[in-house]
Structures are given as structure tokens and as C-alpha cells.
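Have a look at the structure below, then the notes.
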Amino acid sequence: MRDHAREDAPHADVWTGRATNRVQWLLALVGAACMALGIELAVDSAWTTGIAPLAMSVVGCIAAGLLVLFGTLAFVHVDLRLDKDSVEVRCGHIGVPRRRIPLTHVAGADFAPNVTPRQWGGWGYRWRPEKGTAVVVRRGEGVVLRLWDGHSFTITVDNAEAAVRAIRARLRAGTPGTAH
């Protein structure tokens, strides 16, 4: 968990937070095992049963492994960054998917004490027509951004109450186009 605010200037404050799901590492290991099985089949197989079935097995194992591996590593953690202009959400080690929401698009922020993957249909970057969009990497507290276009964006993050306070303070500071 990171919760940092720079205090060097009133409008230079940056708040950062993170949520991590270590269970995703286990799923990534399953993906790596599938890839290893595909490679093992390609290298050590006698290829006597025909090339088509073996090639399909190799490609299937490697493709499934890559999907599981990269799909889970993208959501091992989520980073939330609030600066003077925007809220930015980045997922995984390479920061993709990523979403930057200008504060001028934010009408308000609320604390959600119990965000669950079940509410959103699983872990990851989710969209539900009746609920909005979310980045859910674990069960627990989160931030719900209410956007001026009527949509919402939920992010699971440790110390979400501090994030909500920081966002509300930034909105009260007079960012044009936001509620006071």
C-alpha cells in the first residue's frame, strides 16, 4: 500500500495508492505451466501420431498459457494517481489497461467499503451497464468516481477513504466544472 502526498505546493500535491492481489500470481503460474507443457510437447514429442494433432496441441497449450499468463499479470495490482489535473488508473506491471480521467469530468467521489469481484463479474477491467466501469483486483475497499456524464468508475485501492478525501479536496479547490 502506498499513500503519499507531496506537500511542496498547494496544487502540486500528488496522492498515490495501490491495491494488490497475490492470488493472481498463482493463476500466472498456471499460465506458465500451460506454456511449458506446449513447449515440452513440441520439443520432446516423437511426432509419430501426425503433425496436425500435435501442432494443434502445442499451439493450444502455448496460446492458453499466454492468455492466462498475461491476462492475470495485467491485474496483479492497480495503481491510482491523483494529481492537480486528473485521476489516473494503471493496471499491472506495464500499466495497461490505463485510464486517465480529468478532474473536470468528475462530479464527486464516494468510499465503497466492500467492492467484490462477484459484483462486477470477476477480476479485471469490467463494465456493467447498470453499474458503470470498474477496475477490480481484489475484494475490499474502493473509490467510486461519479462522472458528470452520469457514469461511474470504481477502483479497488488500499486506503480508499484517504483517496476519496484527496479527490474531494481537489474538487473543492475550485477545479473548473466540478461540484463544490
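Residues in the C-alpha cells are numbered from 1 in each chain, the chains being A, B, ... in the order shown, and ligands are numbered from 1 in the order shown.
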
*asked:* Report as a PyMOL selection string all protein, DNA and RNA residues lying within 6 Å of range 33-43 of chain A, evaluated on only C-alpha atoms, omitting residues in the same chain fewer than 6 positions from it.
replied: chain A and resi 58+61-62+65

May I have the selected residues written with C-alpha atoms, as an mmCIF file, in the first residue's frame?
```
data_model
loop_
_atom_site.group_PDB
_atom_site.id
_atom_site.type_symbol
_atom_site.label_atom_id
_atom_site.label_comp_id
_atom_site.auth_asym_id
_atom_site.auth_seq_id
_atom_site.Cartn_x
_atom_site.Cartn_y
_atom_site.Cartn_z
ATOM 1 C CA VAL A 58 1.331 -27.281 -28.976
ATOM 2 C CA CYS A 61 -1.194 -25.043 -24.859
ATOM 3 C CA ILE A 62 1.007 -22.070 -25.683
ATOM 4 C CA GLY A 65 -0.802 -20.225 -21.385
#
```

_as a PyMOL selection string, please: every residue in chain A that a backbone DSSP assignment puts in strand (DSSP E)._
chain A and resi 4-5+15-20+77-82+86-91+98-102+106-115+124-128+132-136+140-147+152-156

*Any idea what's packed within 8 Å of Ala163 in chain A, counting only C-alpha atoms, ignoring anything in its chain fewer than 5 positions away? Could you give it as a PyMOL selection string?*
chain A and resi 15+17+143

*Determine the nearest neighbour of Pro113 in chain A from the options A:Ala134, A:Met56, A:Ala160, A:Val23, counting only C-alpha atoms.*
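Once distances to Pro113 in chain A are computed over only C-alpha atoms, the minimum belongs to A:Ala160.
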
Hey, could you make a per-residue contact list for range 22-60 of chain A against range 74-90 of chain A with 10 Å as the cut-off, showing the nearest pair of atoms and its distance in Å to one decimal, counting only C-alpha atoms, sorted by chain and number, as CSV?
```
residue,atom,partner,partner_atom,distance
A:Arg22,CA,A:Val76,CA,6.6
A:Val23,CA,A:Val76,CA,8.0
A:Gln24,CA,A:Val76,CA,5.5
A:Trp25,CA,A:Val76,CA,7.0
A:Leu27,CA,A:Val76,CA,9.9
A:Ala28,CA,A:Val76,CA,9.3
```

What does the file look like for those residues with C-alpha atoms, as a PDB file, in the first residue's frame?
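This went into part_2.pdb:
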```
ATOM      1  CA  ARG A  22      -1.288 -12.036  -4.784  1.00  0.00           C
ATOM      2  CA  VAL A  23      -3.694 -14.825  -5.839  1.00  0.00           C
ATOM      3  CA  GLN A  24      -3.207 -13.628  -9.406  1.00  0.00           C
ATOM      4  CA  TRP A  25       0.395 -14.846  -9.191  1.00  0.00           C
ATOM      5  CA  LEU A  27      -3.023 -18.043 -11.852  1.00  0.00           C
ATOM      6  CA  ALA A  28       0.012 -16.693 -13.707  1.00  0.00           C
TER       7      ALA A  28
END
```

*Non-local contacts of Leu69 in chain A (7 Å; only C-alpha atoms; under 2 positions in same chain excluded) as a ChimeraX atom specification*: /A:28,31-32,65-67,71-73

May I have the selected residues written with N, CA and C atoms, as an mmCIF file, in the first residue's frame?
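Produced file part-v4.cif, reproduced below:
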```cif
data_model
loop_
_atom_site.group_PDB
_atom_site.id
_atom_site.type_symbol
_atom_site.label_atom_id
_atom_site.label_comp_id
_atom_site.auth_asym_id
_atom_site.auth_seq_id
_atom_site.Cartn_x
_atom_site.Cartn_y
_atom_site.Cartn_z
ATOM 1 N N ALA A 28 -1.068 -16.901 -12.738
ATOM 2 C CA ALA A 28 0.012 -16.693 -13.707
ATOM 3 C C ALA A 28 0.892 -17.936 -13.799
ATOM 4 N N GLY A 31 -0.721 -20.366 -16.066
ATOM 5 C CA GLY A 31 -0.462 -19.979 -17.452
ATOM 6 C C GLY A 31 0.930 -20.374 -17.899
ATOM 7 N N ALA A 32 1.918 -20.146 -17.029
ATOM 8 C CA ALA A 32 3.297 -20.529 -17.354
ATOM 9 C C ALA A 32 3.406 -22.052 -17.510
ATOM 10 N N GLY A 65 -1.760 -20.683 -22.388
ATOM 11 C CA GLY A 65 -0.802 -20.225 -21.385
ATOM 12 C C GLY A 65 -0.542 -18.730 -21.474
ATOM 13 N N LEU A 66 -0.353 -18.224 -22.690
ATOM 14 C CA LEU A 66 -0.128 -16.787 -22.872
ATOM 15 C C LEU A 66 -1.332 -15.967 -22.428
ATOM 16 N N LEU A 67 -2.519 -16.424 -22.798
ATOM 17 C CA LEU A 67 -3.726 -15.696 -22.392
ATOM 18 C C LEU A 67 -3.865 -15.639 -20.876
ATOM 19 N N GLY A 71 -3.100 -12.233 -19.062
ATOM 20 C CA GLY A 71 -4.378 -11.766 -18.526
ATOM 21 C C GLY A 71 -4.354 -11.602 -17.025
ATOM 22 N N THR A 72 -3.634 -12.462 -16.337
ATOM 23 C CA THR A 72 -3.553 -12.337 -14.884
ATOM 24 C C THR A 72 -2.498 -11.323 -14.463
ATOM 25 N N LEU A 73 -1.363 -11.291 -15.129
ATOM 26 C CA LEU A 73 -0.322 -10.337 -14.750
ATOM 27 C C LEU A 73 -0.773 -8.889 -14.941
#
```

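Closest approach to Pro117 in chain A among A:Ile101, A:Val135, A:Val157, A:Val14: A:Val135, based on only C-alpha atoms.
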
*Please report, as a ChimeraX atom specification, each residue of range 15-45 of chain A to which DSSP assigns helix (DSSP H, G or I) when run on this structure's backbone.*
/A:23-44

*Tell me, in Å to one decimal, how far CA of Glu141 in chain A is from CA of Ala19 in chain A.*
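Separating CA of Glu141 in chain A from CA of Ala19 in chain A is a distance of 9.4 Å.
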
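Among the candidates A:Leu147, A:Val136, A:Ala109, A:Val115, the residue lying nearest to Val164 in chain A is A:Ala109 (atoms considered: only C-alpha atoms).
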
*asked:* Using only C-alpha atoms, which protein or nucleic acid residues come within 12 Å of His105 in chain A? Drop anything in the same chain fewer than 2 positions from it, and give the result as a PyMOL selection string.
replied: chain A and resi 85-87+100-103+107-109+145-153+171+175-179
